[in-house]
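Engineer: Have a peek at my_file.cif (mmCIF, C-alpha atoms, pLDDT in the B column; chains and numbers go by the auth columns).
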```cif
data_model
#
loop_
_atom_site.group_PDB
_atom_site.id
_atom_site.type_symbol
_atom_site.label_atom_id
_atom_site.label_comp_id
_atom_site.label_asym_id
_atom_site.label_seq_id
_atom_site.Cartn_x
_atom_site.Cartn_y
_atom_site.Cartn_z
_atom_site.B_iso_or_equiv
_atom_site.auth_seq_id
_atom_site.auth_asym_id
ATOM 1 C CA MET A 1 22.082 2.816 2.195 74.00 1 J
ATOM 2 C CA ILE A 2 21.900 6.236 3.853 83.00 2 J
ATOM 3 C CA ALA A 3 25.210 7.425 5.336 84.00 3 J
ATOM 4 C CA ASP A 4 23.614 8.960 8.438 89.00 4 J
ATOM 5 C CA PRO A 5 19.942 7.987 8.868 90.00 5 J
ATOM 6 C CA TYR A 6 19.806 9.744 12.257 91.00 6 J
ATOM 7 C CA LYS A 7 20.666 13.036 10.583 92.00 7 J
ATOM 8 C CA VAL A 8 17.796 12.548 8.103 91.00 8 J
ATOM 9 C CA LEU A 9 15.355 12.205 11.017 91.00 9 J
ATOM 10 C CA GLY A 10 17.018 15.058 12.918 93.00 10 J
ATOM 11 C CA VAL A 11 17.798 13.013 16.036 91.00 11 J
ATOM 12 C CA SER A 12 20.989 11.964 17.806 90.00 12 J
ATOM 13 C CA LYS A 13 22.345 8.428 17.735 88.00 13 J
ATOM 14 C CA ASP A 14 21.590 8.200 21.459 87.00 14 J
ATOM 15 C CA ALA A 15 17.891 8.994 20.916 87.00 15 J
ATOM 16 C CA SER A 16 15.394 6.565 22.369 87.00 16 J
ATOM 17 C CA ASN A 17 13.130 4.543 20.121 84.00 17 J
ATOM 18 C CA ASP A 18 10.207 6.729 21.200 86.00 18 J
ATOM 19 C CA GLU A 19 12.091 9.884 20.143 90.00 19 J
ATOM 20 C CA ILE A 20 12.946 8.305 16.790 88.00 20 J
ATOM 21 C CA LYS A 21 9.345 7.217 16.303 86.00 21 J
ATOM 22 C CA LYS A 22 8.086 10.745 17.095 90.00 22 J
ATOM 23 C CA ALA A 23 10.528 12.377 14.662 90.00 23 J
ATOM 24 C CA TYR A 24 9.675 9.831 11.986 88.00 24 J
ATOM 25 C CA ARG A 25 5.940 10.470 12.292 86.00 25 J
ATOM 26 C CA GLN A 26 6.357 14.256 12.230 89.00 26 J
ATOM 27 C CA LEU A 27 8.537 14.171 9.101 89.00 27 J
ATOM 28 C CA SER A 28 6.271 11.639 7.383 85.00 28 J
ATOM 29 C CA LYS A 29 3.340 13.964 7.963 85.00 29 J
ATOM 30 C CA LYS A 30 5.334 17.021 6.850 88.00 30 J
ATOM 31 C CA TYR A 31 6.473 15.513 3.542 85.00 31 J
ATOM 32 C CA HIS A 32 3.414 13.365 2.794 83.00 32 J
ATOM 33 C CA PRO A 33 2.616 13.587 -0.967 77.00 33 J
ATOM 34 C CA ASP A 34 -1.040 14.398 -0.272 76.00 34 J
ATOM 35 C CA SER A 35 0.092 17.728 1.210 80.00 35 J
ATOM 36 C CA TYR A 36 1.871 18.682 -2.008 80.00 36 J
ATOM 37 C CA MET A 37 -0.761 17.952 -4.660 80.00 37 J
ATOM 38 C CA ASP A 38 -0.545 20.470 -7.545 81.00 38 J
ATOM 39 C CA ASN A 39 2.533 21.942 -5.880 84.00 39 J
ATOM 40 C CA PRO A 40 5.775 22.584 -7.814 87.00 40 J
ATOM 41 C CA LEU A 41 7.664 21.047 -4.875 85.00 41 J
ATOM 42 C CA ALA A 42 5.725 17.758 -5.123 83.00 42 J
ATOM 43 C CA ASP A 43 8.652 15.748 -6.580 85.00 43 J
ATOM 44 C CA LEU A 44 11.070 17.098 -3.971 87.00 44 J
ATOM 45 C CA ALA A 45 8.619 16.300 -1.148 84.00 45 J
ATOM 46 C CA ALA A 46 8.076 12.761 -2.489 84.00 46 J
ATOM 47 C CA GLU A 47 11.843 12.222 -2.594 87.00 47 J
ATOM 48 C CA LYS A 48 12.206 13.524 0.968 88.00 48 J
ATOM 49 C CA PHE A 49 9.283 11.360 2.125 86.00 49 J
ATOM 50 C CA LYS A 50 10.967 8.238 0.723 86.00 50 J
ATOM 51 C CA GLU A 51 14.282 9.234 2.326 88.00 51 J
ATOM 52 C CA VAL A 52 12.560 9.534 5.726 87.00 52 J
ATOM 53 C CA GLN A 53 10.989 6.059 5.328 85.00 53 J
ATOM 54 C CA ASP A 54 14.338 4.543 4.297 85.00 54 J
ATOM 55 C CA ALA A 55 16.186 6.235 7.166 87.00 55 J
ATOM 56 C CA TYR A 56 13.683 4.994 9.722 86.00 56 J
ATOM 57 C CA ASP A 57 13.750 1.467 8.298 82.00 57 J
ATOM 58 C CA GLN A 58 17.569 1.463 8.384 84.00 58 J
ATOM 59 C CA ILE A 59 17.681 2.584 12.023 86.00 59 J
ATOM 60 C CA MET A 60 15.146 -0.053 13.080 80.00 60 J
ATOM 61 C CA LYS A 61 17.109 -2.790 11.314 78.00 61 J
ATOM 62 C CA GLN A 62 20.329 -1.696 13.017 80.00 62 J
ATOM 63 C CA ARG A 63 18.658 -1.619 16.428 74.00 63 J
ATOM 64 C CA ASN A 64 16.975 -4.982 15.864 68.00 64 J
ATOM 65 C CA GLY A 65 20.365 -6.497 15.095 59.00 65 J
ATOM 66 C CA ARG A 66 21.757 -5.027 18.287 54.00 66 J
ATOM 67 C CA GLU A 67 18.922 -6.517 20.344 44.00 67 J
ATOM 68 C CA PHE A 68 19.274 -9.998 18.854 38.00 68 J
ATOM 69 C CA SER A 69 23.059 -9.955 19.431 39.00 69 J
ATOM 70 C CA GLY A 70 22.577 -9.013 23.087 42.00 70 J
ATOM 71 C CA GLY A 71 23.241 -5.261 22.799 43.00 71 J
ATOM 72 C CA ASN A 72 21.209 -2.537 24.502 44.00 72 J
ATOM 73 C CA GLY A 73 18.393 -1.647 22.123 44.00 73 J
ATOM 74 C CA LYS A 74 16.964 1.000 24.513 45.00 74 J
ATOM 75 C CA GLY A 75 13.900 -0.858 25.576 44.00 75 J
ATOM 76 C CA ASN A 76 12.101 -1.881 22.424 44.00 76 J
ATOM 77 C CA THR A 77 10.921 -5.410 21.647 42.00 77 J
ATOM 78 C CA SER A 78 10.812 -7.145 18.271 43.00 78 J
ATOM 79 C CA TYR A 79 7.012 -6.981 18.442 45.00 79 J
ATOM 80 C CA ASN A 80 7.141 -3.195 18.757 57.00 80 J
ATOM 81 C CA ASN A 81 9.642 -2.960 15.938 66.00 81 J
ATOM 82 C CA ASP A 82 7.358 -4.998 13.679 70.00 82 J
ATOM 83 C CA ASP A 83 4.536 -2.701 14.696 75.00 83 J
ATOM 84 C CA LEU A 84 6.599 0.339 13.755 75.00 84 J
ATOM 85 C CA LYS A 85 7.494 -1.262 10.433 81.00 85 J
ATOM 86 C CA MET A 86 3.788 -1.767 9.770 84.00 86 J
ATOM 87 C CA GLN A 87 3.333 1.965 10.353 82.00 87 J
ATOM 88 C CA ALA A 88 5.930 2.579 7.639 84.00 88 J
ATOM 89 C CA VAL A 89 3.968 0.262 5.317 88.00 89 J
ATOM 90 C CA LEU A 90 0.795 2.216 6.052 86.00 90 J
ATOM 91 C CA ASN A 91 2.569 5.466 5.222 85.00 91 J
ATOM 92 C CA TYR A 92 3.698 4.020 1.887 87.00 92 J
ATOM 93 C CA LEU A 93 0.141 2.866 1.124 88.00 93 J
ATOM 94 C CA ASN A 94 -1.312 6.269 1.979 83.00 94 J
ATOM 95 C CA ALA A 95 1.253 7.877 -0.316 86.00 95 J
ATOM 96 C CA ARG A 96 0.394 5.351 -3.080 87.00 96 J
ATOM 97 C CA HIS A 97 3.978 4.033 -3.085 89.00 97 J
ATOM 98 C CA TYR A 98 2.832 0.444 -3.509 91.00 98 J
ATOM 99 C CA LYS A 99 6.148 -1.038 -4.627 91.00 99 J
ATOM 100 C CA GLU A 100 7.878 0.376 -1.547 90.00 100 J
ATOM 101 C CA ALA A 101 5.044 -0.933 0.645 90.00 101 J
ATOM 102 C CA LEU A 102 5.544 -4.462 -0.713 92.00 102 J
ATOM 103 C CA HIS A 103 9.289 -4.193 -0.140 89.00 103 J
ATOM 104 C CA ALA A 104 8.749 -3.058 3.453 89.00 104 J
ATOM 105 C CA LEU A 105 6.277 -5.910 4.017 92.00 105 J
ATOM 106 C CA SER A 106 8.814 -8.447 2.783 90.00 106 J
ATOM 107 C CA ASN A 107 11.119 -7.398 5.658 86.00 107 J
ATOM 108 C CA ILE A 108 8.520 -8.177 8.333 87.00 108 J
ATOM 109 C CA GLU A 109 8.740 -11.708 9.717 83.00 109 J
ATOM 110 C CA SER A 110 5.543 -11.684 11.787 85.00 110 J
ATOM 111 C CA ARG A 111 2.724 -12.106 9.265 86.00 111 J
ATOM 112 C CA GLY A 112 -0.703 -11.822 10.825 89.00 112 J
ATOM 113 C CA ALA A 113 -4.039 -10.693 9.446 89.00 113 J
ATOM 114 C CA ARG A 114 -2.986 -7.036 9.199 90.00 114 J
ATOM 115 C CA TRP A 115 0.129 -7.991 7.222 93.00 115 J
ATOM 116 C CA TYR A 116 -2.015 -9.817 4.661 93.00 116 J
ATOM 117 C CA TYR A 117 -4.513 -6.934 4.550 92.00 117 J
ATOM 118 C CA PHE A 118 -1.783 -4.374 3.824 93.00 118 J
ATOM 119 C CA SER A 119 -0.243 -6.745 1.290 94.00 119 J
ATOM 120 C CA ALA A 120 -3.630 -7.060 -0.442 93.00 120 J
ATOM 121 C CA LEU A 121 -3.901 -3.259 -0.660 93.00 121 J
ATOM 122 C CA ALA A 122 -0.362 -2.948 -2.042 93.00 122 J
ATOM 123 C CA HIS A 123 -0.945 -5.658 -4.655 93.00 123 J
ATOM 124 C CA LEU A 124 -4.230 -3.999 -5.597 91.00 124 J
ATOM 125 C CA GLY A 125 -2.410 -0.715 -6.119 91.00 125 J
ATOM 126 C CA MET A 126 0.137 -2.500 -8.320 91.00 126 J
ATOM 127 C CA GLY A 127 -2.656 -4.066 -10.396 90.00 127 J
ATOM 128 C CA ASN A 128 -2.022 -7.607 -9.102 91.00 128 J
ATOM 129 C CA ASN A 129 -5.726 -8.351 -8.569 90.00 129 J
ATOM 130 C CA ILE A 130 -5.451 -12.129 -8.069 92.00 130 J
ATOM 131 C CA GLU A 131 -2.711 -11.794 -5.451 93.00 131 J
ATOM 132 C CA ALA A 132 -4.684 -8.981 -3.808 92.00 132 J
ATOM 133 C CA LEU A 133 -7.777 -11.193 -3.525 93.00 133 J
ATOM 134 C CA ASN A 134 -5.785 -14.156 -2.166 93.00 134 J
ATOM 135 C CA HIS A 135 -4.175 -12.028 0.543 94.00 135 J
ATOM 136 C CA ALA A 136 -7.454 -10.286 1.389 93.00 136 J
ATOM 137 C CA ARG A 137 -9.074 -13.709 1.866 93.00 137 J
ATOM 138 C CA GLU A 138 -6.171 -14.810 4.070 93.00 138 J
ATOM 139 C CA ALA A 139 -6.559 -11.689 6.242 91.00 139 J
ATOM 140 C CA SER A 140 -10.303 -12.270 6.550 90.00 140 J
ATOM 141 C CA GLN A 141 -9.838 -15.961 7.430 91.00 141 J
ATOM 142 C CA ARG A 142 -7.394 -15.048 10.197 89.00 142 J
ATOM 143 C CA GLU A 143 -9.772 -12.420 11.615 89.00 143 J
ATOM 144 C CA PRO A 144 -13.303 -13.332 10.467 85.00 144 J
ATOM 145 C CA SER A 145 -14.899 -10.667 12.674 85.00 145 J
ATOM 146 C CA ASN A 146 -12.972 -7.810 11.035 85.00 146 J
ATOM 147 C CA LEU A 147 -15.431 -6.026 8.721 84.00 147 J
ATOM 148 C CA GLU A 148 -12.687 -4.031 7.008 86.00 148 J
ATOM 149 C CA TYR A 149 -11.010 -7.215 5.799 87.00 149 J
ATOM 150 C CA ARG A 150 -14.343 -8.780 4.802 86.00 150 J
ATOM 151 C CA ASN A 151 -15.360 -5.666 2.860 86.00 151 J
ATOM 152 C CA LEU A 152 -12.128 -5.761 0.863 87.00 152 J
ATOM 153 C CA VAL A 153 -12.743 -9.414 -0.042 88.00 153 J
ATOM 154 C CA ASN A 154 -16.304 -8.592 -1.116 87.00 154 J
ATOM 155 C CA ARG A 155 -15.099 -5.654 -3.193 85.00 155 J
ATOM 156 C CA LEU A 156 -12.466 -7.708 -4.990 87.00 156 J
ATOM 157 C CA GLU A 157 -14.806 -10.653 -5.556 85.00 157 J
ATOM 158 C CA PHE A 158 -17.492 -8.325 -6.937 80.00 158 J
ATOM 159 C CA ARG A 159 -14.939 -6.750 -9.256 73.00 159 J
ATOM 160 C CA GLY A 160 -13.950 -10.205 -10.526 64.00 160 J
ATOM 161 C CA GLN A 161 -17.573 -11.229 -11.110 63.00 161 J
ATOM 162 C CA ARG A 162 -18.281 -7.992 -12.962 56.00 162 J
ATOM 163 C CA TYR A 163 -15.324 -8.619 -15.259 53.00 163 J
ATOM 164 C CA GLN A 164 -16.434 -12.168 -16.002 52.00 164 J
ATOM 165 C CA SER A 165 -20.019 -11.095 -16.720 49.00 165 J
ATOM 166 C CA THR A 166 -19.185 -8.317 -19.208 47.00 166 J
ATOM 167 C CA PRO A 167 -20.382 -8.888 -22.813 49.00 167 J
ATOM 168 C CA TYR A 168 -16.788 -9.400 -23.929 43.00 168 J
ATOM 169 C CA GLY A 169 -15.774 -11.731 -21.093 43.00 169 J
ATOM 170 C CA TYR A 170 -15.629 -15.491 -21.195 42.00 170 J
ATOM 171 C CA GLY A 171 -18.912 -16.151 -19.414 43.00 171 J
ATOM 172 C CA ASP A 172 -22.422 -16.106 -20.807 44.00 172 J
ATOM 173 C CA SER A 173 -24.178 -12.759 -20.804 43.00 173 J
ATOM 174 C CA SER A 174 -27.682 -11.597 -21.548 44.00 174 J
ATOM 175 C CA CYS A 175 -26.357 -8.293 -22.890 50.00 175 J
ATOM 176 C CA GLY A 176 -24.816 -7.943 -26.352 50.00 176 J
ATOM 177 C CA THR A 177 -25.009 -9.840 -29.603 49.00 177 J
ATOM 178 C CA GLY A 178 -21.847 -11.851 -29.141 52.00 178 J
ATOM 179 C CA ASN A 179 -20.263 -9.986 -32.049 54.00 179 J
ATOM 180 C CA ILE A 180 -17.879 -7.335 -30.728 58.00 180 J
ATOM 181 C CA CYS A 181 -18.061 -5.193 -33.898 54.00 181 J
ATOM 182 C CA CYS A 182 -21.843 -5.233 -33.899 52.00 182 J
ATOM 183 C CA ASP A 183 -21.980 -4.448 -30.171 59.00 183 J
ATOM 184 C CA LEU A 184 -19.561 -1.559 -30.613 58.00 184 J
ATOM 185 C CA TRP A 185 -21.667 -0.150 -33.461 57.00 185 J
ATOM 186 C CA CYS A 186 -24.836 -0.414 -31.313 58.00 186 J
ATOM 187 C CA ALA A 187 -23.121 1.298 -28.393 60.00 187 J
ATOM 188 C CA ASP A 188 -21.876 4.098 -30.655 56.00 188 J
ATOM 189 C CA THR A 189 -25.374 4.579 -32.120 59.00 189 J
ATOM 190 C CA LEU A 190 -26.871 4.841 -28.633 57.00 190 J
ATOM 191 C CA CYS A 191 -24.237 7.386 -27.603 53.00 191 J
ATOM 192 C CA GLU A 192 -24.970 9.493 -30.691 55.00 192 J
ATOM 193 C CA CYS A 193 -28.675 9.440 -29.824 52.00 193 J
ATOM 194 C CA MET A 194 -27.741 10.960 -26.458 53.00 194 J
ATOM 195 C CA GLY A 195 -25.601 13.641 -28.077 53.00 195 J
ATOM 196 C CA GLY A 196 -22.246 11.899 -27.615 54.00 196 J
ATOM 197 C CA ASP A 197 -19.927 9.880 -29.801 52.00 197 J
ATOM 198 C CA LEU A 198 -18.217 6.706 -28.599 46.00 198 J
ATOM 199 C CA CYS A 199 -16.191 6.049 -31.769 49.00 199 J
ATOM 200 C CA LEU A 200 -15.355 8.897 -34.097 52.00 200 J
ATOM 201 C CA CYS A 201 -14.434 6.463 -36.865 51.00 201 J
ATOM 202 C CA ILE A 202 -17.917 4.869 -37.110 49.00 202 J
#
```
Mind turning this structure into structure tokens?
Structural biologist:
Amino acid sequence: MIADPYKVLGVSKDASNDEIKKAYRQLSKKYHPDSYMDNPLADLAAEKFKEVQDAYDQIMKQRNGREFSGGNGKGNTSYNNDDLKMQAVLNYLNARHYKEALHALSNIESRGARWYYFSALAHLGMGNNIEALNHAREASQREPSNLEYRNLVNRLEFRGQRYQSTPYGYGDSSCGTGNICCDLWCADTLCECMGGDLCLCI
């Protein structure tokens, strides 16, 4: 837990939710890893980016608790807070911090189509292809007219079919001899004919 999350965002404790949101977005953009590619400060920026996300998440949790206990949360609803949390998830996804994205998603109670779509993207980034496909399908079922969700399902299903139809998969295939050693030798011979070399040992 961050000792003073408001200090990390550069705002006072009396700042409105809109002011906090503005500061959070500015800092997220400033320290976004994509802005520091091939930069010696990349690790430092990534660390600062994560600190900004954690500080924002901590403030929102504190303010949510205040609202639910009857305190004055300065005019923000739980819907808006969930929406802001989804923005944090999107920032994690854009920065390729998939583990953090999944963690942030787990703290969101309202789980609509967009939640499942972001979860699918995070699982895909983590290499959890089956979970990614399941969540992409769930997102698409909840919003059938959303082409973005449908395209992700199609992409993941196509990837799965391609894997199953490779010569070394479990399904039948018209390509290959069925003998992996023989197929590898054939592939290496073809590569050598084209001036390359697939296996140096053959």
Engineer: Skipping near chain neighbours, those fewer than 3 positions away, what residues fall within 12 Å of J:Lys7 using all atoms listed in the file, listed as a ChimeraX atom specification?
Structural biologist: /J:2-4,10-15,20,23-24,51-52,55-56,59
Engineer: Could you write those residues out with C-alpha atoms, as a compact mmCIF listing (two decimals), in the frame of the given file?
Structural biologist:
```
# COMPACT_ATOMS: atom_id res chain seq x y z
CA ILE J 2 21.90 6.24 3.85
CA ALA J 3 25.21 7.42 5.34
CA ASP J 4 23.61 8.96 8.44
CA GLY J 10 17.02 15.06 12.92
CA VAL J 11 17.80 13.01 16.04
CA SER J 12 20.99 11.96 17.81
CA LYS J 13 22.34 8.43 17.74
CA ASP J 14 21.59 8.20 21.46
CA ALA J 15 17.89 8.99 20.92
CA ILE J 20 12.95 8.30 16.79
CA ALA J 23 10.53 12.38 14.66
CA TYR J 24 9.68 9.83 11.99
CA GLU J 51 14.28 9.23 2.33
CA VAL J 52 12.56 9.53 5.73
CA ALA J 55 16.19 6.24 7.17
CA TYR J 56 13.68 4.99 9.72
CA ILE J 59 17.68 2.58 12.02
```
Engineer: With 6 Å added on each side, what axis-aligned box encloses every listed atom of stretch 33-49 of chain J? Give the centre and edge lengths in Å to one decimal, as JSON.
Structural biologist:
```
{"center_x": 5.6, "center_y": 17.0, "center_z": -2.8, "size_x": 25.2, "size_y": 23.2, "size_z": 21.9}
```
Engineer: Determine, counting all atoms listed in the file, which protein, DNA and RNA residues have an atom within 9 Å of an atom of J:Leu27; residues of the same chain fewer than 4 positions away are not included. Present the result as a PyMOL selection string.
Structural biologist: chain J and resi 9+22-23+31-32+48-49+52
Engineer: Just the number, please: distance in Å from atom CA of J:Gln87 to atom CA of J:Leu105, one decimal.
Structural biologist: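 It comes out at 10.5 Å.
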Engineer: So what do you get for atom CA of J:Lys61 versus atom CA of J:Leu44, distance-wise?
Structural biologist: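 Atom CA of J:Leu44 lies 25.8 Å from atom CA of J:Lys61.
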Engineer: Do a neighbour search on J:Ser119 at 9 Å with all atoms listed in the file, toss out local chain neighbours closer than 5 positions, and write the hits as a list of chain:residue names.
Structural biologist: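 Within the cut-off, the hits are J:Ala101, J:Leu102, J:Leu105, J:Arg114, J:Leu124, J:Glu131, J:Ala132, J:His135, J:Ala136.
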Engineer: Please list, as a ChimeraX atom specification, the residues that have an atom at most 12 Å away from (-13.2, -6.2, 5.3) in the coordinates of this file, counting all atoms listed in the file.
Structural biologist: /J:113-114,116-118,120-121,133,135-157
Engineer: Quick one: write out the picked residues with C-alpha atoms as a PDB file, keeping the file's coordinate frame?
Structural biologist:
```
ATOM      1  CA  ALA J 113      -4.039 -10.693   9.446  1.00 89.00           C
ATOM      2  CA  ARG J 114      -2.986  -7.036   9.199  1.00 90.00           C
ATOM      3  CA  TYR J 116      -2.015  -9.817   4.661  1.00 93.00           C
ATOM      4  CA  TYR J 117      -4.513  -6.934   4.550  1.00 92.00           C
ATOM      5  CA  PHE J 118      -1.783  -4.374   3.824  1.00 93.00           C
ATOM      6  CA  ALA J 120      -3.630  -7.060  -0.442  1.00 93.00           C
ATOM      7  CA  LEU J 121      -3.901  -3.259  -0.660  1.00 93.00           C
ATOM      8  CA  LEU J 133      -7.777 -11.193  -3.525  1.00 93.00           C
ATOM      9  CA  HIS J 135      -4.175 -12.028   0.543  1.00 94.00           C
ATOM     10  CA  ALA J 136      -7.454 -10.286   1.389  1.00 93.00           C
ATOM     11  CA  ARG J 137      -9.074 -13.709   1.866  1.00 93.00           C
ATOM     12  CA  GLU J 138      -6.171 -14.810   4.070  1.00 93.00           C
ATOM     13  CA  ALA J 139      -6.559 -11.689   6.242  1.00 91.00           C
ATOM     14  CA  SER J 140     -10.303 -12.270   6.550  1.00 90.00           C
ATOM     15  CA  GLN J 141      -9.838 -15.961   7.430  1.00 91.00           C
ATOM     16  CA  ARG J 142      -7.394 -15.048  10.197  1.00 89.00           C
ATOM     17  CA  GLU J 143      -9.772 -12.420  11.615  1.00 89.00           C
ATOM     18  CA  PRO J 144     -13.303 -13.332  10.467  1.00 85.00           C
ATOM     19  CA  SER J 145     -14.899 -10.667  12.674  1.00 85.00           C
ATOM     20  CA  ASN J 146     -12.972  -7.810  11.035  1.00 85.00           C
ATOM     21  CA  LEU J 147     -15.431  -6.026   8.721  1.00 84.00           C
ATOM     22  CA  GLU J 148     -12.687  -4.031   7.008  1.00 86.00           C
ATOM     23  CA  TYR J 149     -11.010  -7.215   5.799  1.00 87.00           C
ATOM     24  CA  ARG J 150     -14.343  -8.780   4.802  1.00 86.00           C
ATOM     25  CA  ASN J 151     -15.360  -5.666   2.860  1.00 86.00           C
ATOM     26  CA  LEU J 152     -12.128  -5.761   0.863  1.00 87.00           C
ATOM     27  CA  VAL J 153     -12.743  -9.414  -0.042  1.00 88.00           C
ATOM     28  CA  ASN J 154     -16.304  -8.592  -1.116  1.00 87.00           C
ATOM     29  CA  ARG J 155     -15.099  -5.654  -3.193  1.00 85.00           C
ATOM     30  CA  LEU J 156     -12.466  -7.708  -4.990  1.00 87.00           C
ATOM     31  CA  GLU J 157     -14.806 -10.653  -5.556  1.00 85.00           C
TER      32      GLU J 157
END
```
Engineer: Please rebuild stretch 136-149 of chain J with N, CA, C and O atoms and give the result as a short mmCIF file (atom, residue, chain, number, x, y, z; two decimals), in the coordinates of the input.
Structural biologist:
```
data_model
loop_
_atom_site.label_atom_id
_atom_site.label_comp_id
_atom_site.auth_asym_id
_atom_site.auth_seq_id
_atom_site.Cartn_x
_atom_site.Cartn_y
_atom_site.Cartn_z
N ALA J 136 -6.29 -10.82 0.68
CA ALA J 136 -7.45 -10.29 1.39
C ALA J 136 -8.24 -11.43 2.04
O ALA J 136 -8.69 -11.33 3.18
N ARG J 137 -8.38 -12.53 1.32
CA ARG J 137 -9.07 -13.71 1.87
C ARG J 137 -8.32 -14.27 3.07
O ARG J 137 -8.92 -14.68 4.06
N GLU J 138 -6.99 -14.30 2.97
CA GLU J 138 -6.17 -14.81 4.07
C GLU J 138 -6.35 -13.93 5.32
O GLU J 138 -6.49 -14.45 6.43
N ALA J 139 -6.36 -12.61 5.12
CA ALA J 139 -6.56 -11.69 6.24
C ALA J 139 -7.92 -11.92 6.89
O ALA J 139 -8.05 -11.97 8.11
N SER J 140 -8.94 -12.08 6.05
CA SER J 140 -10.30 -12.27 6.55
C SER J 140 -10.46 -13.61 7.27
O SER J 140 -11.19 -13.71 8.26
N GLN J 141 -9.78 -14.64 6.78
CA GLN J 141 -9.84 -15.96 7.43
C GLN J 141 -9.17 -15.93 8.80
O GLN J 141 -9.62 -16.59 9.74
N ARG J 142 -8.10 -15.12 8.92
CA ARG J 142 -7.39 -15.05 10.20
C ARG J 142 -8.17 -14.22 11.22
O ARG J 142 -8.05 -14.45 12.42
N GLU J 143 -8.93 -13.24 10.72
CA GLU J 143 -9.77 -12.42 11.62
C GLU J 143 -11.16 -12.29 10.99
O GLU J 143 -11.50 -11.26 10.41
N PRO J 144 -11.98 -13.32 11.11
CA PRO J 144 -13.30 -13.33 10.47
C PRO J 144 -14.23 -12.21 10.94
O PRO J 144 -15.14 -11.81 10.22
N SER J 145 -14.01 -11.70 12.14
CA SER J 145 -14.90 -10.67 12.67
C SER J 145 -14.53 -9.26 12.21
O SER J 145 -15.26 -8.31 12.47
N ASN J 146 -13.41 -9.13 11.49
CA ASN J 146 -12.97 -7.81 11.04
C ASN J 146 -13.72 -7.42 9.76
O ASN J 146 -13.50 -8.00 8.69
N LEU J 147 -14.61 -6.44 9.87
CA LEU J 147 -15.43 -6.03 8.72
C LEU J 147 -14.61 -5.37 7.62
O LEU J 147 -14.95 -5.48 6.44
N GLU J 148 -13.54 -4.69 8.00
CA GLU J 148 -12.69 -4.03 7.01
C GLU J 148 -12.07 -5.06 6.06
O GLU J 148 -12.05 -4.86 4.84
N TYR J 149 -11.60 -6.16 6.61
CA TYR J 149 -11.01 -7.22 5.80
C TYR J 149 -12.08 -7.88 4.93
O TYR J 149 -11.87 -8.14 3.75
#
```
